[in-house]
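A.B. asks: Before I ask anything, here is the structure I am working with.
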Amino acid sequence: MEPVSNDGTDLTGTERQVNPLKWRLLSKWLDFTLAVVVWGFVEYMLVWLIPAFNDVYNQFGGNLPDLTTLVIALRKVLGLFVVPGVLAGLVLFQFWRTRRVASFVAKDTKGTWDNRVMLAAVLFGTAVFLFLAIAIRMPLYGIDLDPIG
């Protein structure tokens with residue numbers, strides 16, 4: 001191990017080489033973490049938040065919008081099977097792509113297809129999260145909370 005100065009050069013004056021494989025591996029773990037966090041929020045909404053809102057809506061009575069009724073009806077299937085399946089698939093995909101990262105040549109600077117797959121998982125998870133948030137929020141505009149009128 002050679003002594004290194006603060007400006008990134010060793011004490012003999014030559015610059016250190018940055019290992020691109022370490023940065024590529026780090027970026028793969030960062031986008032995987034983001035995808036798991038997004039899908040974790042979706043799972044939280046399906047398992048905990050929607051049932052809580054469903055109880056609140058039942059106390060107020062009245063008719064729920066069709067979108068909210070659909071989400072409440074599908075939440076068990078989505079929360080128990082689909083989202084855990086997506087999370088398990090993300091874990092398996094991450095395991096596979098981090099094991100093969102060492103075989104790539106460091107000259108490749110463009111985004112590879114596996115990065116695009118993980119980006120698609122993040123964007124689709126975000127879209128599902130927003131859809132669920134809108135479906136939960138919609139009935140709040142239709143409930144009359146004015147006790148006088």
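Chain labels run A, B, ... following the order of the structure tokens; each chain numbers its residues from 1, and ligands are numbered from 1 in the order shown.
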Fewer than 6 positions away in the same chain doesn't count, so skip those; otherwise give me all residues within 10 Å of stretch 87-91 of chain A, counting only C-alpha atoms, as a VMD selection string.

C.D. replies: chain A and resid 32 to 33 35 to 37 39 to 40 43 97 117 to 118 121

A.B. asks: Calculate how many Å separate atom CA of A:Thr112 from atom CA of A:Arg24, rounding to one decimal.

C.D. replies: 10.6 Å

A.B. asks: Name the closest residue to A:Phe131 among the candidates A:Thr68, A:Phe60, A:Leu30, A:Val47; distances are taken between atoms, counting only C-alpha atoms.

C.D. replies: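 Looking only at the distances to A:Phe131, the closest residue turns out to be A:Thr68.
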
A.B. asks: If I take atom CA of A:Ile134 and atom CA of A:Asn115, how far is one from the other in Å, to one decimal?

C.D. replies: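 So the two atoms, atom CA of A:Ile134 and atom CA of A:Asn115, lie 28.6 Å apart.
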
A.B. asks: Near A:Val38, within 8 Å and counting only C-alpha atoms, which residues show up once chain neighbours fewer than 2 positions away are dropped, as a ChimeraX atom specification?

C.D. replies: /A:34-36,40-42,122,125-126,129

A.B. asks: Just to confirm, what's the straight-line distance from atom CA of A:Val86 to atom CA of A:Val128 in Å (one decimal)?

C.D. replies: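 If I compute the distance from atom CA of A:Val86 to atom CA of A:Val128, I get 12.4 Å.
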